[in-house]
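Chemist: Before I ask anything, let me first share the structure, which is written out below as structure tokens.
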Amino acid sequence: MSKNVRVRFAPSPTGMLHIGGLRTALYNYLFAKHHNGEFLLRIEDTDQNRYVEEAESDIKTALIWAGMPPDEGPDNPGSVGPYRQSERSETYLKYARQLIDQGNAYYAFDSAEDIEAMREELKSDENPNPKYDSTTRTSMKNSLTLSKDEVENRIKNGDPYVIRLNVPESGTVEFNDIIREHVSFDVKGLDDQVLMKSDGLPTYHLANVVDDHLMGISHVIRGEEWLSSAPKHILLYKFLGWEAPEMAHLPLIMSPAGGKLSKRNAEELGIPVNVRDYIRLGYEPDALVNFLAFLGWNPGDEREIMTMQELTKEFSLEKVSKSGAVFNIDKLTWYNEHYLRAMTDESLVPALEKELTKAGISGFNDAYLETVVHLLKERVSLTSEFVNQGRFFFEAPSEFDEKAVKKAWKGDAIDLVTEFKDEVEKLTDHSAANLNDKLSGITEARGVGFGKLMLPVRVAITGTGSGPDLFETMELLGKETVVKRLDTALNKFSE
Ligand code: GLU
């Protein structure tokens, strides 16, 4: 790569960061790091109506959590700030004026009703959605149709106006997209995009182009939904006499039920939409990153498990696919299980503590919690399942799984468990190995299967018919608790 790579993640703070946004950020990050370049965060907050106060901090938290801190951004500005568009209004106005002076933009005074009336009037079968464009602007109230004096008077009088892009009447806009390759748009399909709104703030299009240029952005990497805006941006670069950055439009993320993954169908399918939900549910950042990296890209070999470092080394935009990538939540679960199991027990204790706090459980020391993690780690997909799967480590079961009770507490279960309980009480060393010896000793002596005793004991201790290693569980719980739970079950099920 000859030029210095500088890319940006440029979210609009209109809501919490969603999973598709994080993938865009990730591809930008990987590309930047692969080329030893910079990854910028720019907040595109020019739409006051859709501004959500909490969004910016949510975005930053998500990026840090996922392990992709911006090299420059509102909190760590470089030399091209400010990094919030709302703080750069003056700059945009300057370029809007330049465009007007050059004849590449014009003032337009039409009210919403004027535009609606034009649409109604010109609507036809061939043109069901008339636009404000080169064919209609001649009949509207703008600085192309009104006299110079009138335009000046209107502005002086404080009449509301917008500044629109003067799209040429004919021709094509062509550019090369790194993923989509050659792209060509007929300018006839383009409307005279509003560049500055009546509130004096720019629209996304103008601000985006001006900032990408002034911030020295070398590559624009963003979702495919922006591809149709790209020709307007290319025109703006041309009019402003700037070289356009390279472009790469990422494939859409598709729903497993077909079509684009929208907020609505994601919710219907139980796919979390916002990154904060993945954090709350206890997904491992490495797993989510690995999964998202493969949502539209792969290294071209068999590898599926790749750390951020490996992804950085291998990533290239040329290997990003053109077609949409289906969001498969089971695959994410698979990744999460992999990363979870690769983590040390100790490193997962804080996640368990977090879940316990949520459940209002406290009073267990770190060594105890580490053993719980050890026993549960292979049995959960997410750390948020720790308490659900292992409540019995912290409290006596308050309910017993009916099916398991029926299956386990029958025949001579009472006799067997009573004998086992007596043996446990006599044990001086309450270790898993000793407990196992005692239990198998009893079943062997009586000539019954191991499960005949093991299962009712498990139900008594955990409330269910399956779970982590029973003997290690009992060792951790300690003699007193084990005896108490066996007693409770014996009383309960002897009826
Ligand atoms: N502000 C746009 C968004 O919210 C950025 C699009 C772009 O990257 O150009 O996604």
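Following the order of the structure tokens, first chain is A, next is B, and so on, with residues numbered from 1 inside each chain and ligands from 1 in the order they appear.
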Neighbours of Leu369 (chain A) within 9 Å (only C-alpha atoms; same-chain residues fewer than 6 positions away dropped), as number ranges by chain?
Modeler: A: 345-346, 349, 352-353
Chemist: Throw together the list of residues within 8 Å of ligand 1, counting only C-alpha atoms and all ligand atoms, and drop it here as a list in words.
Modeler: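 Counting only what the definition allows, namely only C-alpha atoms and all ligand atoms, the set is Arg8, Phe9, Ala10, Pro11, Ser12, Pro13, Gly21, Ile43, Glu44, Asp45, Tyr204, Asn208, Val220, Ile221, Arg222, Gly223 and Trp226 of chain A.
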Chemist: Could you turn the residues from that selection into a file that holds N, CA, C and O atoms, as a short mmCIF file (atom, residue, chain, number, x, y, z; two decimals), in the first residue's frame?
Modeler:
```cif
data_model
loop_
_atom_site.label_atom_id
_atom_site.label_comp_id
_atom_site.auth_asym_id
_atom_site.auth_seq_id
_atom_site.Cartn_x
_atom_site.Cartn_y
_atom_site.Cartn_z
N ARG A 8 -11.76 5.30 9.06
CA ARG A 8 -12.57 5.82 10.15
C ARG A 8 -13.81 4.97 10.32
O ARG A 8 -14.36 4.41 9.37
N PHE A 9 -14.25 4.88 11.57
CA PHE A 9 -15.57 4.35 11.86
C PHE A 9 -16.38 5.60 12.19
O PHE A 9 -15.98 6.38 13.05
N ALA A 10 -17.50 5.78 11.46
CA ALA A 10 -18.20 7.07 11.54
C ALA A 10 -19.68 6.90 11.88
O ALA A 10 -20.55 7.24 11.08
N PRO A 11 -19.97 6.37 13.05
CA PRO A 11 -21.37 6.12 13.37
C PRO A 11 -22.15 7.41 13.66
O PRO A 11 -21.57 8.40 14.10
N SER A 12 -23.43 7.36 13.37
CA SER A 12 -24.33 8.44 13.79
C SER A 12 -24.88 8.04 15.15
O SER A 12 -25.38 6.92 15.29
N PRO A 13 -24.80 8.91 16.11
CA PRO A 13 -25.26 8.53 17.46
C PRO A 13 -26.77 8.60 17.58
O PRO A 13 -27.31 9.41 18.30
N GLY A 21 -22.91 -2.58 12.97
CA GLY A 21 -21.99 -1.46 13.14
C GLY A 21 -20.66 -1.94 13.69
O GLY A 21 -19.59 -1.48 13.26
N ILE A 43 -17.74 10.97 15.18
CA ILE A 43 -19.16 10.93 15.55
C ILE A 43 -19.94 11.83 14.59
O ILE A 43 -19.74 13.04 14.54
N GLU A 44 -20.83 11.21 13.82
CA GLU A 44 -21.59 11.96 12.79
C GLU A 44 -22.94 12.39 13.36
O GLU A 44 -23.97 11.76 13.11
N ASP A 45 -22.88 13.46 14.12
CA ASP A 45 -24.07 13.88 14.88
C ASP A 45 -24.69 15.16 14.34
O ASP A 45 -24.96 16.09 15.08
N TYR A 204 -25.44 14.44 6.20
CA TYR A 204 -24.40 13.42 6.24
C TYR A 204 -23.46 13.52 5.04
O TYR A 204 -22.24 13.46 5.17
N ASN A 208 -19.62 14.17 5.55
CA ASN A 208 -18.84 12.96 5.39
C ASN A 208 -17.68 13.17 4.41
O ASN A 208 -16.53 12.81 4.69
N VAL A 220 -12.51 4.36 2.59
CA VAL A 220 -13.83 4.39 3.22
C VAL A 220 -14.37 2.96 3.20
O VAL A 220 -14.58 2.39 2.13
N ILE A 221 -14.52 2.40 4.38
CA ILE A 221 -15.02 1.01 4.48
C ILE A 221 -16.32 1.09 5.26
O ILE A 221 -16.34 1.49 6.43
N ARG A 222 -17.42 0.75 4.61
CA ARG A 222 -18.73 0.90 5.26
C ARG A 222 -19.73 -0.06 4.65
O ARG A 222 -19.44 -0.74 3.67
N GLY A 223 -20.91 -0.09 5.22
CA GLY A 223 -21.93 -1.04 4.80
C GLY A 223 -22.47 -0.76 3.40
O GLY A 223 -22.41 0.38 2.91
N TRP A 226 -24.71 2.13 1.95
CA TRP A 226 -24.21 3.46 1.57
C TRP A 226 -23.73 3.52 0.13
O TRP A 226 -23.32 4.57 -0.35
#
```
Chemist: Using only C-alpha atoms, which of the listed residues (A:Ile361, A:Ser228, A:Arg485, A:Asp211) sits closest to Trp242 (chain A)?
Modeler: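 Smallest separation from Trp242 (chain A) among the options: A:Asp211.
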Chemist: CA of Ile64 (chain A) and CA of Leu250 (chain A) are how many Å apart?
Modeler: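 These atoms are spaced 22.3 Å apart.
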Chemist: When distances are computed from only C-alpha atoms, which of A:Asn127, A:Asn491, A:Ser89, A:Thr418 shows the smallest separation from Asp199 (chain A)?
Modeler: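 Once distances to Asp199 (chain A) are computed over only C-alpha atoms, the minimum belongs to A:Ser89.
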Chemist: What's the 8 Å shell around Asp192 (chain A), counting only C-alpha atoms, without same-chain residues fewer than 2 positions away, as a ChimeraX atom specification?
Modeler: /A:132-134,164-167,190,194
Chemist: Could you take the residues named above and write them with all heavy atoms, as a CSV table (one decimal), in the first residue's frame?
Modeler:
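The file below, again23.csv, is the result:
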```csv
chain,number,residue,atom,x,y,z
A,132,TYR,N,-36.5,15.9,-6.6
A,132,TYR,CA,-36.0,17.3,-6.8
A,132,TYR,C,-34.6,17.1,-7.6
A,132,TYR,O,-33.6,16.7,-7.0
A,132,TYR,CB,-35.7,18.0,-5.5
A,132,TYR,CG,-35.7,19.5,-5.5
A,132,TYR,CD1,-36.6,20.2,-4.7
A,132,TYR,CD2,-34.8,20.2,-6.2
A,132,TYR,CE1,-36.6,21.6,-4.7
A,132,TYR,CE2,-34.7,21.6,-6.2
A,132,TYR,CZ,-35.6,22.3,-5.5
A,132,TYR,OH,-35.6,23.6,-5.5
A,133,ASP,N,-34.7,17.2,-8.9
A,133,ASP,CA,-33.5,16.9,-9.7
A,133,ASP,C,-33.4,17.8,-10.9
A,133,ASP,O,-34.2,18.8,-11.0
A,133,ASP,CB,-33.5,15.4,-10.1
A,133,ASP,CG,-34.7,15.0,-10.9
A,133,ASP,OD1,-35.4,15.9,-11.4
A,133,ASP,OD2,-34.9,13.8,-11.1
A,134,SER,N,-32.5,17.4,-11.8
A,134,SER,CA,-32.3,18.3,-12.9
A,134,SER,C,-33.5,18.6,-13.8
A,134,SER,O,-33.7,19.6,-14.5
A,134,SER,CB,-31.2,17.8,-13.8
A,134,SER,OG,-31.5,16.6,-14.4
A,164,ARG,N,-28.5,22.8,-2.0
A,164,ARG,CA,-28.6,21.6,-2.7
A,164,ARG,C,-27.5,21.4,-3.7
A,164,ARG,O,-26.9,22.3,-4.3
A,164,ARG,CB,-29.9,21.5,-3.5
A,164,ARG,CG,-31.1,21.2,-2.7
A,164,ARG,CD,-32.4,21.1,-3.6
A,164,ARG,NE,-33.6,20.9,-2.8
A,164,ARG,CZ,-34.0,19.7,-2.4
A,164,ARG,NH1,-33.4,18.6,-2.8
A,164,ARG,NH2,-35.1,19.6,-1.7
A,165,LEU,N,-27.1,20.1,-3.9
A,165,LEU,CA,-26.1,19.7,-4.9
A,165,LEU,C,-26.7,19.9,-6.3
A,165,LEU,O,-27.8,19.4,-6.6
A,165,LEU,CB,-25.7,18.3,-4.7
A,165,LEU,CG,-24.7,17.6,-5.6
A,165,LEU,CD1,-23.3,18.3,-5.4
A,165,LEU,CD2,-24.5,16.1,-5.3
A,166,ASN,N,-25.9,20.6,-7.2
A,166,ASN,CA,-26.4,20.7,-8.6
A,166,ASN,C,-25.9,19.6,-9.4
A,166,ASN,O,-24.8,19.6,-10.0
A,166,ASN,CB,-25.8,22.1,-9.1
A,166,ASN,CG,-26.4,22.5,-10.4
A,166,ASN,OD1,-27.2,21.8,-11.0
A,166,ASN,ND2,-26.1,23.7,-10.8
A,167,VAL,N,-26.6,18.5,-9.4
A,167,VAL,CA,-26.2,17.3,-10.1
A,167,VAL,C,-26.3,17.6,-11.6
A,167,VAL,O,-27.3,18.1,-12.1
A,167,VAL,CB,-27.1,16.1,-9.7
A,167,VAL,CG1,-26.8,14.9,-10.6
A,167,VAL,CG2,-27.0,15.8,-8.3
A,190,LEU,N,-30.0,10.4,-9.8
A,190,LEU,CA,-29.6,11.1,-8.5
A,190,LEU,C,-30.5,12.3,-8.3
A,190,LEU,O,-30.8,13.0,-9.3
A,190,LEU,CB,-28.1,11.5,-8.6
A,190,LEU,CG,-27.1,10.4,-8.8
A,190,LEU,CD1,-25.7,11.1,-8.9
A,190,LEU,CD2,-27.2,9.4,-7.8
A,194,VAL,N,-29.7,17.5,-0.7
A,194,VAL,CA,-29.5,18.6,0.3
A,194,VAL,C,-28.2,18.5,0.9
A,194,VAL,O,-27.9,17.4,1.4
A,194,VAL,CB,-30.7,18.6,1.3
A,194,VAL,CG1,-30.4,19.7,2.4
A,194,VAL,CG2,-32.0,18.9,0.7
```
Chemist: Which neighbours of region 105-122 of chain A fall inside 10 Å, counting only C-alpha atoms, when residues of the same chain fewer than 3 positions from it are skipped, and could you give them as a ChimeraX atom specification?
Modeler: /A:96-102,125,127-132,136-137,139-146,151,154-155,159-167,192-196,198,236,239
Chemist: Pick out the residues sitting within 12 Å of Val373 (chain A), and hand them over as a PyMOL selection string; count only C-alpha atoms, and ignore anything fewer than 6 positions along from it in its own chain.
Modeler: chain A and resi 340-341+343-353+355+366-367+379-380+382-387+389-390+393+468+473+476
Chemist: What does the distance between CA of Ser466 (chain A) and CA of Asp277 (chain A) come to in Å, to one decimal place?
Modeler: 28.9 Å
Chemist: Write out as a compact mmCIF listing (two decimals) with C-alpha atoms, in the first residue's frame the set of residues from region 310-405 of chain A that DSSP, computed on the backbone, places in alpha helix (DSSP H).
Modeler:
```txt
# COMPACT_ATOMS: atom_id res chain seq x y z
CA GLU A 310 -4.17 -13.49 13.57
CA LEU A 311 -7.10 -11.72 11.94
CA THR A 312 -5.03 -8.57 11.67
CA LYS A 313 -2.24 -10.44 9.99
CA GLU A 314 -4.51 -12.14 7.44
CA ILE A 329 -26.32 -17.43 16.06
CA ASP A 330 -25.45 -21.13 16.59
CA LYS A 331 -22.08 -20.45 15.03
CA LEU A 332 -21.55 -17.61 17.46
CA THR A 333 -22.45 -19.94 20.32
CA TRP A 334 -19.89 -22.39 18.99
CA TYR A 335 -17.24 -19.67 18.96
CA ASN A 336 -18.21 -18.57 22.42
CA GLU A 337 -17.96 -22.07 23.86
CA HIS A 338 -14.56 -22.43 22.28
CA TYR A 339 -13.18 -19.20 23.76
CA LEU A 340 -14.85 -19.78 27.12
CA ARG A 341 -13.27 -23.21 27.47
CA ALA A 342 -9.88 -21.89 26.49
CA ASP A 345 -10.88 -20.81 35.59
CA GLU A 346 -9.42 -17.91 37.49
CA SER A 347 -10.02 -15.41 34.70
CA LEU A 348 -13.71 -16.31 34.64
CA VAL A 349 -14.31 -15.71 38.34
CA PRO A 350 -15.23 -12.03 37.81
CA ALA A 351 -17.88 -13.04 35.26
CA LEU A 352 -19.34 -15.50 37.77
CA GLU A 353 -19.26 -12.84 40.49
CA LYS A 354 -21.12 -10.46 38.20
CA GLU A 355 -23.87 -13.01 37.67
CA LEU A 356 -24.07 -13.78 41.38
CA THR A 357 -24.45 -10.12 42.19
CA LYS A 358 -27.29 -9.90 39.67
CA ASP A 366 -12.58 -16.81 45.28
CA ALA A 367 -11.24 -20.34 45.68
CA TYR A 368 -14.80 -21.64 45.95
CA LEU A 369 -15.89 -19.64 42.91
CA GLU A 370 -12.92 -20.82 40.89
CA THR A 371 -13.91 -24.43 41.50
CA VAL A 372 -17.48 -23.65 40.51
CA VAL A 373 -16.16 -22.16 37.26
CA HIS A 374 -14.04 -25.25 36.72
CA LEU A 375 -17.06 -27.53 37.13
CA LEU A 376 -19.42 -25.44 34.99
CA PHE A 386 -23.44 -19.86 35.30
CA VAL A 387 -26.09 -19.17 37.92
CA ASN A 388 -28.87 -20.93 36.07
CA GLN A 389 -26.75 -24.02 35.62
CA GLY A 390 -25.16 -23.94 39.02
CA GLU A 402 -40.18 -33.81 38.40
CA LYS A 403 -39.05 -36.17 35.67
CA ALA A 404 -35.70 -36.72 37.35
CA VAL A 405 -37.38 -37.38 40.70
```
Chemist: Measure the distance from CA of Phe39 (chain A) to CA of Asp71 (chain A) in Å and round it to one decimal.
Modeler: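 So the two atoms, CA of Phe39 (chain A) and CA of Asp71 (chain A), lie 5.4 Å apart.
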Chemist: Env of Ile305 (chain A): 7 Å cut, atoms = only C-alpha atoms, seq-sep filter 2 positions within chain, self excluded. Answer as number ranges by chain.
Modeler: A: 290, 303, 307
Chemist: Pull N, CA and C atoms from the residues just selected and write them as a PDB file, in the first residue's frame.
Modeler:
```pdb
ATOM      1  N   ASN A 290     -14.192 -12.812  16.459  1.00  0.00           N
ATOM      2  CA  ASN A 290     -13.878 -13.903  15.521  1.00  0.00           C
ATOM      3  C   ASN A 290     -15.095 -14.195  14.621  1.00  0.00           C
ATOM      4  N   ARG A 303      -8.938 -22.478   8.412  1.00  0.00           N
ATOM      5  CA  ARG A 303      -8.989 -21.902   9.757  1.00  0.00           C
ATOM      6  C   ARG A 303     -10.321 -21.229  10.066  1.00  0.00           C
ATOM      7  N   THR A 307      -7.521 -15.318  16.478  1.00  0.00           N
ATOM      8  CA  THR A 307      -7.487 -14.216  17.437  1.00  0.00           C
ATOM      9  C   THR A 307      -7.416 -12.897  16.672  1.00  0.00           C
TER      10      THR A 307
END
```
Chemist: So, counting only C-alpha atoms, which residue among A:Met474, A:Leu281, A:Val459, A:Ile414 is closest to Ser494 (chain A)?
Modeler: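 Checking each candidate against Ser494 (chain A), we get A:Ile414 as the closest.
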Chemist: Using only C-alpha atoms, which residue out of A:Gly363, A:Leu477, A:Val326, A:Glu53 lies closest to Ala257 (chain A)?
Modeler: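 Nearest candidate to Ala257 (chain A) out of A:Gly363, A:Leu477, A:Val326, A:Glu53: A:Val326.
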